[in-house]
Amino acid sequence: MSPAKNKQASSVKPKCATKAGALRPGDRVGIVAPASRPEGPHTVAAIEKLIIGMGFVPVFGKHVLSIHGYMAGKDDERLEDLNGFIRDKNIRGIFCTTGGYGSLRILEGVDYEGLMRDPKVVVGSDENTCLLLAINRMASLPVFHGFNLDMIKSDRARDEFLFAITQNKVLPPVEAGKSYPADFVYSPIRGKASGTTLGGNLNALFSLMGTNYQPNFKDTVLLIEERNERNDIIERWITSLFLSGELNLVNGIAFGSFDTCGTRSASNMLSIEDILHQTLAQLQKPACFGMSFGQSDHCRVTPIGIEAEFDSELGKLTFKEAALL
């Protein structure tokens, strides 16, 4: 991660917004592990069957089962897999196997110009949100915050994944999860907003702050989700984003799934909504909780980098354009 490479990465400027083509049966898709290693060969075998069942031809990076500490091989090995697929004109999509940690380390070496020349469908979540947001910023390419392949554990999740990446039409709105009473949405700040979709995993988003890959927050609808984290850490990240002034630039904030997050301590009984109340009250931006995006099985695969309208009172994110051609 040399400063020279970092400077080179920052010089890449998107010429114009571009989109990938919707995937079709028989397309070859690259399977990468930009962060942590999948659990084992059985996970890779299951992913192979999953992708074949979707009608695509899976092509695995040769380092997906490599080991370097807690990552799937060394930085240059993970980059070799990723950039190899970016530069291969026969590969039409790139899917991430696993989250964990490691994507942040390789951002300066990604061939963003290659993605501008030959746009591909890119899907991932968790730590791989770093990669998604860097690609969106540096290549002006819409990407998909969706399941890492080892998280697809049901027909419902598989079908949602497949639907999103094969549509060249506007996707259905993302809405708040089902609740009782029917149609209840917890919206501390009610209102409507429009802008470019931005965000995903909060930890990964926060990791980009102050780097060349920090997203542009201006005129966006910010989507935030997290998994398996303490509430006080989530509050720390949100407070830091607030103090940076970046949250003042967004037009609305939609909070998605916070699967397995919680207080983790009897000394702190505050919920996610409790601890963020003061910040949201100061911002006065339309905001709601319980939106159906994130890493949980019920969540939607959500495009990042396209125009959308957000109604926090209804808990509804309506896309204004297709994410794919």
# chains A, B, ... in the order shown; residues from 1 in each chain; ligands from 1
>>> residues_around(residues="Pro38 (chain A)", least_positions_apart="4", cutoff="9 Å", atoms="only C-alpha atoms", output="list in words")
Ala33, Thr43, Val44, Val64, Leu65, Ala72, Thr97, Thr98, Gly99 and Asp150 of chain A
>>> select_by_dssp(residues="region 74-169 of chain A", states="helix (DSSP H, G or I)", output="PyMOL selection string")
chain A and resi 75-87+103-109+112-117+126-139+149-151+155-165
>>> atom_distance(atom1="CA of Pro34 (chain A)", atom2="CA of Asp81 (chain A)")
8.4 Å
>>> select_by_dssp(residues="region 29-98 of chain A", states="strand (DSSP E or B)", output="JSON list (two decimals) with N, CA and C atoms, in the first residue's frame")
[["chain", "number", "residue", "atom", "x", "y", "z"],
["A", 29, "VAL", "N", -19.14, -15.71, -14.72],
["A", 29, "VAL", "CA", -19.01, -14.76, -13.61],
["A", 29, "VAL", "C", -17.80, -15.15, -12.77],
["A", 30, "GLY", "N", -17.03, -14.13, -12.37],
["A", 30, "GLY", "CA", -15.85, -14.34, -11.55],
["A", 30, "GLY", "C", -16.20, -14.38, -10.07],
["A", 31, "ILE", "N", -15.69, -15.35, -9.37],
["A", 31, "ILE", "CA", -15.94, -15.52, -7.94],
["A", 31, "ILE", "C", -14.65, -15.21, -7.19],
["A", 32, "VAL", "N", -14.70, -14.16, -6.35],
["A", 32, "VAL", "CA", -13.49, -13.69, -5.67],
["A", 32, "VAL", "C", -13.69, -13.66, -4.16],
["A", 57, "VAL", "N", -22.01, -19.51, -15.46],
["A", 57, "VAL", "CA", -20.81, -20.34, -15.41],
["A", 57, "VAL", "C", -19.85, -19.73, -14.39],
["A", 58, "PRO", "N", -19.64, -20.39, -13.24],
["A", 58, "PRO", "CA", -18.75, -19.82, -12.22],
["A", 58, "PRO", "C", -17.28, -20.04, -12.58],
["A", 59, "VAL", "N", -16.50, -18.97, -12.43],
["A", 59, "VAL", "CA", -15.05, -19.06, -12.63],
["A", 59, "VAL", "C", -14.41, -18.56, -11.34],
["A", 60, "PHE", "N", -13.74, -19.45, -10.62],
["A", 60, "PHE", "CA", -13.20, -19.10, -9.31],
["A", 60, "PHE", "C", -11.79, -18.53, -9.43],
["A", 68, "HIS", "N", -3.74, -16.13, 4.38],
["A", 68, "HIS", "CA", -2.69, -15.23, 4.84],
["A", 68, "HIS", "C", -3.24, -14.52, 6.06],
["A", 71, "MET", "N", -6.96, -13.44, 6.09],
["A", 71, "MET", "CA", -7.39, -13.05, 4.75],
["A", 71, "MET", "C", -7.20, -14.19, 3.75],
["A", 91, "ILE", "N", -15.77, -12.34, -18.78],
["A", 91, "ILE", "CA", -16.39, -12.31, -17.45],
["A", 91, "ILE", "C", -17.35, -11.13, -17.39],
["A", 92, "ARG", "N", -18.62, -11.41, -17.07],
["A", 92, "ARG", "CA", -19.63, -10.35, -17.10],
["A", 92, "ARG", "C", -20.08, -9.90, -15.71],
["A", 93, "GLY", "N", -19.72, -10.66, -14.70],
["A", 93, "GLY", "CA", -20.07, -10.28, -13.34],
["A", 93, "GLY", "C", -18.97, -10.71, -12.38],
["A", 94, "ILE", "N", -18.87, -10.01, -11.24],
["A", 94, "ILE", "CA", -17.90, -10.36, -10.20],
["A", 94, "ILE", "C", -18.64, -10.41, -8.87],
["A", 95, "PHE", "N", -18.64, -11.59, -8.24],
["A", 95, "PHE", "CA", -19.35, -11.81, -6.99],
["A", 95, "PHE", "C", -18.35, -12.12, -5.88],
["A", 96, "CYS", "N", -18.63, -11.63, -4.69],
["A", 96, "CYS", "CA", -17.77, -11.86, -3.53],
["A", 96, "CYS", "C", -18.26, -13.08, -2.75]]
>>> residues_around(residues="Val143 (chain A)", least_positions_apart="6", cutoff="7 Å", atoms="only C-alpha atoms", output="list in words")
Val121, Val122, Val123, Leu132, Asn136, Pro303, Ile304 and Gly305 of chain A
>>> closest_residue(among="A:Ile238, A:Ile233, A:Ala176, A:Met116", to="Thr18 (chain A)", atoms="only C-alpha atoms")
A:Met116
>>> closest_residue(among="A:Leu149, A:Thr279, A:Thr318, A:Asn90", to="Glu48 (chain A)", atoms="only C-alpha atoms")
A:Leu149
>>> atom_distance(atom1="CA of Asp219 (chain A)", atom2="CA of Tyr186 (chain A)")
23.1 Å
>>> closest_residue(among="A:Glu273, A:Glu39, A:Glu307, A:Asp232", to="Ala323 (chain A)", atoms="only C-alpha atoms")
A:Glu307
>>> residues_around(residues="region 163-174 of chain A", least_positions_apart="6", cutoff="8 Å", atoms="only C-alpha atoms", output="ChimeraX atom specification")
/A:21-24,121,291-293,300-302,316-325
>>> write_last_selection(atoms="N, CA and C atoms", output="compact mmCIF listing (two decimals), in the first residue's frame")
# COMPACT_ATOMS: atom_id res chain seq x y z
N GLY A 21 -24.14 -4.40 -18.24
CA GLY A 21 -25.30 -5.06 -18.81
C GLY A 21 -25.87 -6.09 -17.86
N ALA A 22 -27.19 -6.24 -17.88
CA ALA A 22 -27.83 -7.27 -17.06
C ALA A 22 -27.30 -8.64 -17.46
N LEU A 23 -27.11 -9.50 -16.46
CA LEU A 23 -26.59 -10.83 -16.74
C LEU A 23 -27.64 -11.71 -17.41
N ARG A 24 -27.14 -12.60 -18.27
CA ARG A 24 -28.02 -13.51 -19.00
C ARG A 24 -27.57 -14.95 -18.77
N VAL A 121 -21.11 -6.42 -13.60
CA VAL A 121 -22.00 -6.47 -12.44
C VAL A 121 -21.17 -6.88 -11.22
N MET A 291 -35.64 -0.76 7.35
CA MET A 291 -35.70 -0.98 5.90
C MET A 291 -35.13 -2.35 5.54
N SER A 292 -35.63 -2.92 4.48
CA SER A 292 -35.28 -4.30 4.11
C SER A 292 -34.03 -4.36 3.23
N PHE A 293 -32.93 -3.84 3.74
CA PHE A 293 -31.65 -4.05 3.08
C PHE A 293 -30.61 -4.35 4.15
N ARG A 300 -33.12 -7.10 0.70
CA ARG A 300 -33.07 -6.89 -0.74
C ARG A 300 -31.62 -6.68 -1.20
N VAL A 301 -31.35 -7.05 -2.44
CA VAL A 301 -30.10 -6.68 -3.10
C VAL A 301 -30.32 -5.28 -3.66
N THR A 302 -29.52 -4.31 -3.19
CA THR A 302 -29.84 -2.90 -3.42
C THR A 302 -28.75 -2.20 -4.22
N LYS A 316 -40.06 3.77 2.40
CA LYS A 316 -40.04 3.32 1.01
C LYS A 316 -38.94 4.03 0.23
N LEU A 317 -38.10 3.26 -0.43
CA LEU A 317 -37.05 3.76 -1.30
C LEU A 317 -37.41 3.35 -2.73
N THR A 318 -37.73 4.33 -3.56
CA THR A 318 -38.19 4.08 -4.92
C THR A 318 -37.11 4.48 -5.91
N PHE A 319 -36.70 3.54 -6.73
CA PHE A 319 -35.64 3.82 -7.71
C PHE A 319 -36.21 4.55 -8.92
N LYS A 320 -35.43 5.49 -9.44
CA LYS A 320 -35.87 6.29 -10.56
C LYS A 320 -35.22 5.87 -11.88
N GLU A 321 -34.32 4.91 -11.81
CA GLU A 321 -33.65 4.43 -13.01
C GLU A 321 -33.23 3.00 -12.80
N ALA A 322 -32.96 2.31 -13.91
CA ALA A 322 -32.43 0.95 -13.84
C ALA A 322 -30.96 0.99 -13.46
N ALA A 323 -30.51 -0.04 -12.76
CA ALA A 323 -29.10 -0.12 -12.38
C ALA A 323 -28.26 -0.75 -13.47
N LEU A 324 -28.90 -1.51 -14.37
CA LEU A 324 -28.19 -2.23 -15.42
C LEU A 324 -28.81 -1.93 -16.78
N LEU A 325 -28.02 -2.11 -17.82
CA LEU A 325 -28.49 -1.90 -19.18
C LEU A 325 -29.12 -3.17 -19.74
